[in-house]
Amino acid sequence: MSLDFSIVGLRNQSYSEQELDIVRRLRQTCMEKLQVLRDGIRVLRCDAERLEIQIQRLDIALAPHNKLPFEILLRIFELCCDKPAQIPAQNGIYTISHVCSLWRQIALSTPGFWANVSI
């Protein structure tokens, strides 16, 4: 008897031991192929995550504000921080000083920002 795989599992019928052995081997082969595919998907997801992180870093490097001269950034910060700073920090110079190391350097090297701090 020939086993018709297009209907295996679609009908409630009994199979001979020889047919069941064929079905078991086919099932095992399918399970192995599925595991290979899942492993491949896992690798691809990791690759995609690494690429997304790299793209984000490259976007940061290409950001227009990175081209602004120190003096322009300083003037922008002065305009943003025209009110006295308060502790605990809620905005202004504290926020600016926590964005990145360059902005922190600008904020910390500008004494005028720290002249009006309310505690």
# chains A, B, ... in the order shown; residues from 1 in each chain; ligands from 1
>>> select_by_dssp(residues="chain A", states="strand (DSSP E)", output="JSON, numbers by chain")
{"A": [85, 86, 117, 118]}
>>> select_by_dssp(residues="chain A", states="helix (DSSP H, G or I)", output="number ranges by chain")
A: 17-62, 64-67, 70-80, 93-97, 101-108, 111-114
>>> residues_around(residues="range 66-72 of chain A", least_positions_apart="4", cutoff="10 Å", atoms="only C-alpha atoms", output="VMD selection string")
chain A and resid 60 to 62 76 to 78 102 to 103 106
>>> write_last_selection(atoms="N, CA and C atoms", output="compact mmCIF listing (two decimals), in the first residue's frame")
# COMPACT_ATOMS: atom_id res chain seq x y z
N ILE A 60 23.51 59.17 14.85
CA ILE A 60 23.98 60.14 15.83
C ILE A 60 25.19 60.89 15.29
N ALA A 61 26.10 60.15 14.67
CA ALA A 61 27.30 60.79 14.12
C ALA A 61 26.96 61.77 13.00
N LEU A 62 25.88 61.50 12.28
CA LEU A 62 25.48 62.35 11.15
C LEU A 62 24.53 63.48 11.55
N ILE A 76 22.69 78.86 22.18
CA ILE A 76 21.42 78.12 22.27
C ILE A 76 21.15 77.75 23.72
N PHE A 77 22.16 77.27 24.41
CA PHE A 77 22.00 76.89 25.82
C PHE A 77 21.63 78.10 26.66
N GLU A 78 22.25 79.22 26.39
CA GLU A 78 21.92 80.45 27.14
C GLU A 78 20.46 80.82 26.95
N LEU A 102 29.95 66.28 25.26
CA LEU A 102 30.25 67.61 24.71
C LEU A 102 29.37 68.67 25.37
N TRP A 103 28.07 68.38 25.45
CA TRP A 103 27.15 69.35 26.05
C TRP A 103 27.47 69.54 27.53
N ILE A 106 30.44 71.86 27.73
CA ILE A 106 30.04 73.25 27.48
C ILE A 106 29.35 73.83 28.72
>>> residues_around(residues="Leu79 in chain A", least_positions_apart="4", cutoff="12 Å", atoms="only C-alpha atoms", output="number ranges by chain")
A: 72-75, 83, 92-93, 96, 113
>>> write_last_selection(atoms="C-alpha atoms", output="PDB file, in the first residue's frame")
ATOM      1  CA  ILE A  72      26.507  78.510  18.658  1.00  0.00           C
ATOM      2  CA  LEU A  73      25.698  75.689  21.073  1.00  0.00           C
ATOM      3  CA  LEU A  74      26.603  77.951  23.967  1.00  0.00           C
ATOM      4  CA  ARG A  75      24.228  80.666  22.707  1.00  0.00           C
ATOM      5  CA  LYS A  83      15.570  81.194  34.196  1.00  0.00           C
ATOM      6  CA  GLY A  92      17.424  73.857  31.880  1.00  0.00           C
ATOM      7  CA  ILE A  93      21.121  73.500  32.401  1.00  0.00           C
ATOM      8  CA  ILE A  96      21.523  70.030  28.881  1.00  0.00           C
ATOM      9  CA  PHE A 113      24.973  78.992  33.914  1.00  0.00           C
TER      10      PHE A 113
END
>>> decode(residues="range 44-93 of chain A", atoms="N, CA and C atoms", output="PDB file, in the first residue's frame")
ATOM      1  N   LEU A  44      19.524  35.506  12.366  1.00  0.00           N
ATOM      2  CA  LEU A  44      19.134  36.685  11.588  1.00  0.00           C
ATOM      3  C   LEU A  44      18.614  37.803  12.488  1.00  0.00           C
ATOM      4  N   ARG A  45      17.869  37.455  13.515  1.00  0.00           N
ATOM      5  CA  ARG A  45      17.371  38.482  14.443  1.00  0.00           C
ATOM      6  C   ARG A  45      18.527  39.162  15.171  1.00  0.00           C
ATOM      7  N   CYS A  46      19.505  38.383  15.595  1.00  0.00           N
ATOM      8  CA  CYS A  46      20.684  38.973  16.256  1.00  0.00           C
ATOM      9  C   CYS A  46      21.433  39.884  15.293  1.00  0.00           C
ATOM     10  N   ASP A  47      21.598  39.437  14.060  1.00  0.00           N
ATOM     11  CA  ASP A  47      22.257  40.270  13.046  1.00  0.00           C
ATOM     12  C   ASP A  47      21.480  41.566  12.827  1.00  0.00           C
ATOM     13  N   ALA A  48      20.157  41.455  12.751  1.00  0.00           N
ATOM     14  CA  ALA A  48      19.322  42.639  12.533  1.00  0.00           C
ATOM     15  C   ALA A  48      19.445  43.610  13.709  1.00  0.00           C
ATOM     16  N   GLU A  49      19.460  43.096  14.936  1.00  0.00           N
ATOM     17  CA  GLU A  49      19.606  43.966  16.112  1.00  0.00           C
ATOM     18  C   GLU A  49      20.948  44.686  16.091  1.00  0.00           C
ATOM     19  N   ARG A  50      22.015  43.968  15.743  1.00  0.00           N
ATOM     20  CA  ARG A  50      23.338  44.601  15.666  1.00  0.00           C
ATOM     21  C   ARG A  50      23.354  45.696  14.607  1.00  0.00           C
ATOM     22  N   LEU A  51      22.726  45.429  13.470  1.00  0.00           N
ATOM     23  CA  LEU A  51      22.678  46.434  12.412  1.00  0.00           C
ATOM     24  C   LEU A  51      21.852  47.644  12.827  1.00  0.00           C
ATOM     25  N   GLU A  52      20.747  47.419  13.534  1.00  0.00           N
ATOM     26  CA  GLU A  52      19.927  48.539  14.003  1.00  0.00           C
ATOM     27  C   GLU A  52      20.716  49.425  14.967  1.00  0.00           C
ATOM     28  N   ILE A  53      21.480  48.809  15.862  1.00  0.00           N
ATOM     29  CA  ILE A  53      22.305  49.580  16.797  1.00  0.00           C
ATOM     30  C   ILE A  53      23.363  50.365  16.038  1.00  0.00           C
ATOM     31  N   GLN A  54      23.983  49.725  15.061  1.00  0.00           N
ATOM     32  CA  GLN A  54      25.004  50.413  14.270  1.00  0.00           C
ATOM     33  C   GLN A  54      24.402  51.588  13.502  1.00  0.00           C
ATOM     34  N   ILE A  55      23.217  51.403  12.938  1.00  0.00           N
ATOM     35  CA  ILE A  55      22.542  52.482  12.205  1.00  0.00           C
ATOM     36  C   ILE A  55      22.228  53.638  13.150  1.00  0.00           C
ATOM     37  N   GLN A  56      21.759  53.332  14.360  1.00  0.00           N
ATOM     38  CA  GLN A  56      21.468  54.391  15.333  1.00  0.00           C
ATOM     39  C   GLN A  56      22.723  55.188  15.664  1.00  0.00           C
ATOM     40  N   ARG A  57      23.833  54.496  15.847  1.00  0.00           N
ATOM     41  CA  ARG A  57      25.088  55.199  16.152  1.00  0.00           C
ATOM     42  C   ARG A  57      25.542  56.048  14.974  1.00  0.00           C
ATOM     43  N   LEU A  58      25.383  55.522  13.780  1.00  0.00           N
ATOM     44  CA  LEU A  58      25.760  56.290  12.592  1.00  0.00           C
ATOM     45  C   LEU A  58      24.856  57.508  12.435  1.00  0.00           C
ATOM     46  N   ASP A  59      23.562  57.343  12.742  1.00  0.00           N
ATOM     47  CA  ASP A  59      22.642  58.486  12.688  1.00  0.00           C
ATOM     48  C   ASP A  59      23.069  59.576  13.665  1.00  0.00           C
ATOM     49  N   ILE A  60      23.514  59.167  14.849  1.00  0.00           N
ATOM     50  CA  ILE A  60      23.983  60.144  15.832  1.00  0.00           C
ATOM     51  C   ILE A  60      25.193  60.892  15.289  1.00  0.00           C
ATOM     52  N   ALA A  61      26.103  60.150  14.672  1.00  0.00           N
ATOM     53  CA  ALA A  61      27.304  60.790  14.118  1.00  0.00           C
ATOM     54  C   ALA A  61      26.961  61.766  13.000  1.00  0.00           C
ATOM     55  N   LEU A  62      25.876  61.497  12.277  1.00  0.00           N
ATOM     56  CA  LEU A  62      25.478  62.349  11.151  1.00  0.00           C
ATOM     57  C   LEU A  62      24.529  63.477  11.550  1.00  0.00           C
ATOM     58  N   ALA A  63      24.102  63.504  12.808  1.00  0.00           N
ATOM     59  CA  ALA A  63      23.126  64.500  13.252  1.00  0.00           C
ATOM     60  C   ALA A  63      23.655  65.915  13.030  1.00  0.00           C
ATOM     61  N   PRO A  64      22.808  66.805  12.526  1.00  0.00           N
ATOM     62  CA  PRO A  64      23.239  68.170  12.190  1.00  0.00           C
ATOM     63  C   PRO A  64      23.797  68.958  13.368  1.00  0.00           C
ATOM     64  N   HIS A  65      23.271  68.737  14.562  1.00  0.00           N
ATOM     65  CA  HIS A  65      23.756  69.524  15.706  1.00  0.00           C
ATOM     66  C   HIS A  65      25.226  69.231  16.023  1.00  0.00           C
ATOM     67  N   ASN A  66      25.736  68.094  15.553  1.00  0.00           N
ATOM     68  CA  ASN A  66      27.148  67.779  15.791  1.00  0.00           C
ATOM     69  C   ASN A  66      28.088  68.681  14.993  1.00  0.00           C
ATOM     70  N   LYS A  67      27.556  69.384  14.021  1.00  0.00           N
ATOM     71  CA  LYS A  67      28.372  70.273  13.192  1.00  0.00           C
ATOM     72  C   LYS A  67      28.393  71.702  13.726  1.00  0.00           C
ATOM     73  N   LEU A  68      27.541  71.985  14.721  1.00  0.00           N
ATOM     74  CA  LEU A  68      27.460  73.347  15.248  1.00  0.00           C
ATOM     75  C   LEU A  68      28.717  73.696  16.040  1.00  0.00           C
ATOM     76  N   PRO A  69      29.240  74.890  15.837  1.00  0.00           N
ATOM     77  CA  PRO A  69      30.400  75.322  16.620  1.00  0.00           C
ATOM     78  C   PRO A  69      30.034  75.500  18.093  1.00  0.00           C
ATOM     79  N   PHE A  70      31.041  75.408  18.916  1.00  0.00           N
ATOM     80  CA  PHE A  70      30.899  75.561  20.364  1.00  0.00           C
ATOM     81  C   PHE A  70      30.125  76.829  20.714  1.00  0.00           C
ATOM     82  N   GLU A  71      30.458  77.926  20.072  1.00  0.00           N
ATOM     83  CA  GLU A  71      29.845  79.215  20.387  1.00  0.00           C
ATOM     84  C   GLU A  71      28.346  79.217  20.091  1.00  0.00           C
ATOM     85  N   ILE A  72      27.938  78.573  19.007  1.00  0.00           N
ATOM     86  CA  ILE A  72      26.507  78.510  18.658  1.00  0.00           C
ATOM     87  C   ILE A  72      25.763  77.665  19.686  1.00  0.00           C
ATOM     88  N   LEU A  73      26.327  76.521  20.042  1.00  0.00           N
ATOM     89  CA  LEU A  73      25.698  75.689  21.073  1.00  0.00           C
ATOM     90  C   LEU A  73      25.580  76.461  22.386  1.00  0.00           C
ATOM     91  N   LEU A  74      26.624  77.162  22.739  1.00  0.00           N
ATOM     92  CA  LEU A  74      26.603  77.951  23.967  1.00  0.00           C
ATOM     93  C   LEU A  74      25.477  78.976  23.939  1.00  0.00           C
ATOM     94  N   ARG A  75      25.303  79.660  22.829  1.00  0.00           N
ATOM     95  CA  ARG A  75      24.228  80.666  22.707  1.00  0.00           C
ATOM     96  C   ARG A  75      22.853  80.003  22.812  1.00  0.00           C
ATOM     97  N   ILE A  76      22.692  78.855  22.177  1.00  0.00           N
ATOM     98  CA  ILE A  76      21.421  78.117  22.268  1.00  0.00           C
ATOM     99  C   ILE A  76      21.150  77.748  23.724  1.00  0.00           C
ATOM    100  N   PHE A  77      22.164  77.267  24.413  1.00  0.00           N
ATOM    101  CA  PHE A  77      21.995  76.892  25.817  1.00  0.00           C
ATOM    102  C   PHE A  77      21.627  78.104  26.665  1.00  0.00           C
ATOM    103  N   GLU A  78      22.248  79.222  26.393  1.00  0.00           N
ATOM    104  CA  GLU A  78      21.924  80.445  27.139  1.00  0.00           C
ATOM    105  C   GLU A  78      20.458  80.818  26.949  1.00  0.00           C
ATOM    106  N   LEU A  79      19.962  80.678  25.734  1.00  0.00           N
ATOM    107  CA  LEU A  79      18.556  80.996  25.468  1.00  0.00           C
ATOM    108  C   LEU A  79      17.622  80.012  26.164  1.00  0.00           C
ATOM    109  N   CYS A  80      18.042  78.765  26.269  1.00  0.00           N
ATOM    110  CA  CYS A  80      17.213  77.747  26.930  1.00  0.00           C
ATOM    111  C   CYS A  80      17.229  77.890  28.446  1.00  0.00           C
ATOM    112  N   CYS A  81      18.267  78.477  28.962  1.00  0.00           N
ATOM    113  CA  CYS A  81      18.466  78.503  30.415  1.00  0.00           C
ATOM    114  C   CYS A  81      18.406  79.914  30.968  1.00  0.00           C
ATOM    115  N   ASP A  82      17.472  80.711  30.500  1.00  0.00           N
ATOM    116  CA  ASP A  82      17.409  82.099  30.957  1.00  0.00           C
ATOM    117  C   ASP A  82      16.791  82.234  32.344  1.00  0.00           C
ATOM    118  N   LYS A  83      16.147  81.163  32.851  1.00  0.00           N
ATOM    119  CA  LYS A  83      15.570  81.194  34.196  1.00  0.00           C
ATOM    120  C   LYS A  83      16.554  80.546  35.166  1.00  0.00           C
ATOM    121  N   PRO A  84      16.487  80.914  36.445  1.00  0.00           N
ATOM    122  CA  PRO A  84      17.383  80.292  37.427  1.00  0.00           C
ATOM    123  C   PRO A  84      17.178  78.776  37.477  1.00  0.00           C
ATOM    124  N   ALA A  85      18.260  78.060  37.606  1.00  0.00           N
ATOM    125  CA  ALA A  85      18.190  76.603  37.732  1.00  0.00           C
ATOM    126  C   ALA A  85      17.743  76.246  39.138  1.00  0.00           C
ATOM    127  N   GLN A  86      17.099  75.094  39.282  1.00  0.00           N
ATOM    128  CA  GLN A  86      16.620  74.668  40.592  1.00  0.00           C
ATOM    129  C   GLN A  86      17.106  73.262  40.887  1.00  0.00           C
ATOM    130  N   ILE A  87      17.322  73.021  42.155  1.00  0.00           N
ATOM    131  CA  ILE A  87      17.666  71.681  42.608  1.00  0.00           C
ATOM    132  C   ILE A  87      16.500  71.206  43.450  1.00  0.00           C
ATOM    133  N   PRO A  88      15.873  70.076  43.233  1.00  0.00           N
ATOM    134  CA  PRO A  88      16.266  69.087  42.232  1.00  0.00           C
ATOM    135  C   PRO A  88      16.011  69.587  40.813  1.00  0.00           C
ATOM    136  N   ALA A  89      16.840  69.098  39.927  1.00  0.00           N
ATOM    137  CA  ALA A  89      16.792  69.553  38.531  1.00  0.00           C
ATOM    138  C   ALA A  89      15.513  69.102  37.853  1.00  0.00           C
ATOM    139  N   GLN A  90      14.889  70.029  37.154  1.00  0.00           N
ATOM    140  CA  GLN A  90      13.694  69.700  36.388  1.00  0.00           C
ATOM    141  C   GLN A  90      13.851  70.061  34.928  1.00  0.00           C
ATOM    142  N   ASN A  91      14.720  70.976  34.635  1.00  0.00           N
ATOM    143  CA  ASN A  91      14.924  71.380  33.246  1.00  0.00           C
ATOM    144  C   ASN A  91      16.191  72.207  33.136  1.00  0.00           C
ATOM    145  N   GLY A  92      16.336  72.912  32.060  1.00  0.00           N
ATOM    146  CA  GLY A  92      17.424  73.857  31.880  1.00  0.00           C
ATOM    147  C   GLY A  92      18.795  73.234  31.811  1.00  0.00           C
ATOM    148  N   ILE A  93      19.717  73.860  32.516  1.00  0.00           N
ATOM    149  CA  ILE A  93      21.121  73.500  32.401  1.00  0.00           C
ATOM    150  C   ILE A  93      21.392  72.065  32.853  1.00  0.00           C
TER     151      ILE A  93
END
